[in-house]
Amino acid sequence: MNESLRIPRAHFIRSSFGPGDLLPSLVALWDRRGLLWHMTIRHLRGQYKQSVLGYAWAFVNPLSQMLILSFVFSQIIRVQTEGIPYPLFVLMGLLPWIFFSTAVSSATDSITGAASLVTKVYFPRELLPTAAVLTKVVDLAFGLLILISMMVYFGYPPQWTLVWVPLLFLIHLIFTLGLAFPLAALNLFFHDVRFLVGVALTLWFYLTPVIYPVDLVPQQYQILFDLNPNSLFINAYRRVVIQGITPGADRLLLGLAVALITFIVGYYLFKRMEPRFADRI
């Protein structure tokens, strides 16, 4: 290893991270985007290493879930989805949810899984959870191929409202990173966090309109879905991709505000805990 990259242990004991350090820290993170790209590629290659199906797993996961959920909720329970074929309806909810849940889970283990790197080489530690999240963007891209095939099969041609998708995904990505940062740091101090994340994601899944339309939720419980950012994002995806309806400006601004607040708070907490990482490994 290059000796210039080795640093003394005392380097990790730095002054407290304050609100005024947020912008310079983000600028420094952007300056390391080349290293972020390298870490993302490395993480992606290791994700399916020594697996028989390799990258085919990126298709198997959403496809298998879509098939079983479609059978249960369209043939047995018969959930009404406002005229949208149920397989297409549920897949449009599954793809962003699978991205979110797998990204958060992977990011939670990103610091503990790179212990030797954290203790020997100095780099912005937030690159690790960021790379873990970006790796799941590739899986999402594979899932979109299934979605496009389903839209063609059921006769739902692309509409001009698809131009909103990149903006919606960017907001969703910012929100996901905002959760990933503090969870990755906390998991280093309290190893129970990874298990709590798994439980929380399971509960969160059923409180998000992935397998059912939000219109089926009784009025007294609507507040739970109004406070759920993933409910906001998934409903917006369905509107612009399947229904050809633009996202409401009020809901879009609300989603952006929630995402930015989550990101700023999560990043700030991560940087506050960062000086103690080496001592906890």
# chains A, B, ... in the order shown; residues from 1 in each chain; ligands from 1
$ residues_around --residues "A:Leu183" --least-positions-apart "3" --cutoff "8 Å" --atoms "only C-alpha atoms" --output "number ranges by chain"
A: 107-108, 179-180, 186-187, 193
$ residues_around --residues "stretch 249-262 of chain A" --least-positions-apart "2" --cutoff "7 Å" --atoms "only C-alpha atoms" --output "mmCIF file with all heavy atoms, in the first residue's frame"
data_model
loop_
_atom_site.group_PDB
_atom_site.id
_atom_site.type_symbol
_atom_site.label_atom_id
_atom_site.label_comp_id
_atom_site.auth_asym_id
_atom_site.auth_seq_id
_atom_site.Cartn_x
_atom_site.Cartn_y
_atom_site.Cartn_z
ATOM 1 N N ILE A 171 -34.805 12.479 -5.906
ATOM 2 C CA ILE A 171 -35.334 12.794 -4.576
ATOM 3 C C ILE A 171 -35.350 11.542 -3.707
ATOM 4 O O ILE A 171 -34.968 11.576 -2.534
ATOM 5 C CB ILE A 171 -36.749 13.400 -4.690
ATOM 6 C CG1 ILE A 171 -36.696 14.731 -5.452
ATOM 7 C CG2 ILE A 171 -37.362 13.606 -3.311
ATOM 8 C CD1 ILE A 171 -38.067 15.320 -5.746
ATOM 9 N N ILE A 174 -31.797 10.698 -2.602
ATOM 10 C CA ILE A 174 -31.338 11.582 -1.528
ATOM 11 C C ILE A 174 -31.917 11.134 -0.190
ATOM 12 O O ILE A 174 -31.222 11.093 0.832
ATOM 13 C CB ILE A 174 -31.730 13.045 -1.836
ATOM 14 C CG1 ILE A 174 -30.945 13.562 -3.042
ATOM 15 C CG2 ILE A 174 -31.483 13.946 -0.626
ATOM 16 C CD1 ILE A 174 -31.402 14.923 -3.539
ATOM 17 N N PHE A 175 -33.195 10.775 -0.194
ATOM 18 C CA PHE A 175 -33.836 10.294 1.032
ATOM 19 C C PHE A 175 -33.178 9.004 1.517
ATOM 20 O O PHE A 175 -32.915 8.834 2.713
ATOM 21 C CB PHE A 175 -35.324 10.070 0.768
ATOM 22 C CG PHE A 175 -36.056 9.423 1.919
ATOM 23 C CD1 PHE A 175 -36.326 10.129 3.069
ATOM 24 C CD2 PHE A 175 -36.461 8.097 1.841
ATOM 25 C CE1 PHE A 175 -36.990 9.532 4.141
ATOM 26 C CE2 PHE A 175 -37.121 7.495 2.896
ATOM 27 C CZ PHE A 175 -37.398 8.212 4.054
ATOM 28 N N GLY A 178 -29.876 9.666 3.071
ATOM 29 C CA GLY A 178 -30.054 10.299 4.367
ATOM 30 C C GLY A 178 -30.288 9.301 5.484
ATOM 31 O O GLY A 178 -29.868 9.526 6.621
ATOM 32 N N LEU A 179 -30.942 8.193 5.185
ATOM 33 C CA LEU A 179 -31.127 7.129 6.165
ATOM 34 C C LEU A 179 -29.898 6.235 6.258
ATOM 35 O O LEU A 179 -29.547 5.746 7.338
ATOM 36 C CB LEU A 179 -32.346 6.275 5.796
ATOM 37 C CG LEU A 179 -33.722 6.913 5.951
ATOM 38 C CD1 LEU A 179 -34.805 5.921 5.549
ATOM 39 C CD2 LEU A 179 -33.957 7.386 7.383
ATOM 40 N N PRO A 229 -42.732 8.656 3.633
ATOM 41 C CA PRO A 229 -42.125 9.158 2.389
ATOM 42 C C PRO A 229 -42.169 8.142 1.255
ATOM 43 O O PRO A 229 -42.367 8.517 0.093
ATOM 44 C CB PRO A 229 -40.679 9.475 2.803
ATOM 45 C CG PRO A 229 -40.739 9.682 4.276
ATOM 46 C CD PRO A 229 -41.790 8.735 4.768
ATOM 47 N N LEU A 232 -45.328 8.263 -0.586
ATOM 48 C CA LEU A 232 -45.340 9.423 -1.485
ATOM 49 C C LEU A 232 -44.590 9.118 -2.773
ATOM 50 O O LEU A 232 -45.080 9.390 -3.882
ATOM 51 C CB LEU A 232 -44.709 10.614 -0.764
ATOM 52 C CG LEU A 232 -44.542 11.900 -1.562
ATOM 53 C CD1 LEU A 232 -45.898 12.497 -1.889
ATOM 54 C CD2 LEU A 232 -43.700 12.906 -0.773
ATOM 55 N N PRO A 247 -46.907 14.503 -11.339
ATOM 56 C CA PRO A 247 -46.974 14.558 -9.877
ATOM 57 C C PRO A 247 -47.408 15.947 -9.437
ATOM 58 O O PRO A 247 -46.991 16.947 -10.009
ATOM 59 C CB PRO A 247 -45.537 14.257 -9.442
ATOM 60 C CG PRO A 247 -44.705 14.681 -10.596
ATOM 61 C CD PRO A 247 -45.516 14.409 -11.831
ATOM 62 N N ILE A 264 -29.615 15.940 5.234
ATOM 63 C CA ILE A 264 -28.775 16.851 6.014
ATOM 64 C C ILE A 264 -28.599 16.337 7.442
ATOM 65 O O ILE A 264 -27.485 16.301 7.975
ATOM 66 C CB ILE A 264 -29.378 18.270 6.012
ATOM 67 C CG1 ILE A 264 -29.296 18.866 4.597
ATOM 68 C CG2 ILE A 264 -28.656 19.173 7.009
ATOM 69 C CD1 ILE A 264 -30.034 20.180 4.434
ATOM 70 N N VAL A 265 -29.700 15.927 8.062
ATOM 71 C CA VAL A 265 -29.618 15.428 9.434
ATOM 72 C C VAL A 265 -28.812 14.127 9.489
ATOM 73 O O VAL A 265 -27.949 13.941 10.357
ATOM 74 C CB VAL A 265 -31.032 15.213 10.015
ATOM 75 C CG1 VAL A 265 -30.953 14.513 11.377
ATOM 76 C CG2 VAL A 265 -31.771 16.532 10.143
ATOM 77 N N GLY A 266 -29.087 13.220 8.547
ATOM 78 C CA GLY A 266 -28.374 11.943 8.535
ATOM 79 C C GLY A 266 -26.890 12.111 8.287
ATOM 80 O O GLY A 266 -26.065 11.453 8.935
#
$ closest_residue --among "A:Gln159, A:Asn61, A:Ser70, A:Thr130" --to "A:Trp30" --atoms "only C-alpha atoms"
A:Thr130
$ atom_distance --atom1 "atom CA of A:Leu35" --atom2 "atom CA of A:Leu127"
8.1 Å
$ closest_residue --among "A:Phe225, A:Asn230, A:Leu88, A:Glu274" --to "A:Ser149" --atoms "only C-alpha atoms"
A:Leu88
$ select_by_dssp --residues "stretch 19-248 of chain A" --states "helix (DSSP H, G or I)" --output "number ranges by chain"
A: 19-31, 33-47, 54-76, 86-108, 112-120, 127-153, 160-189, 193-206, 214-216, 219-226, 229-243
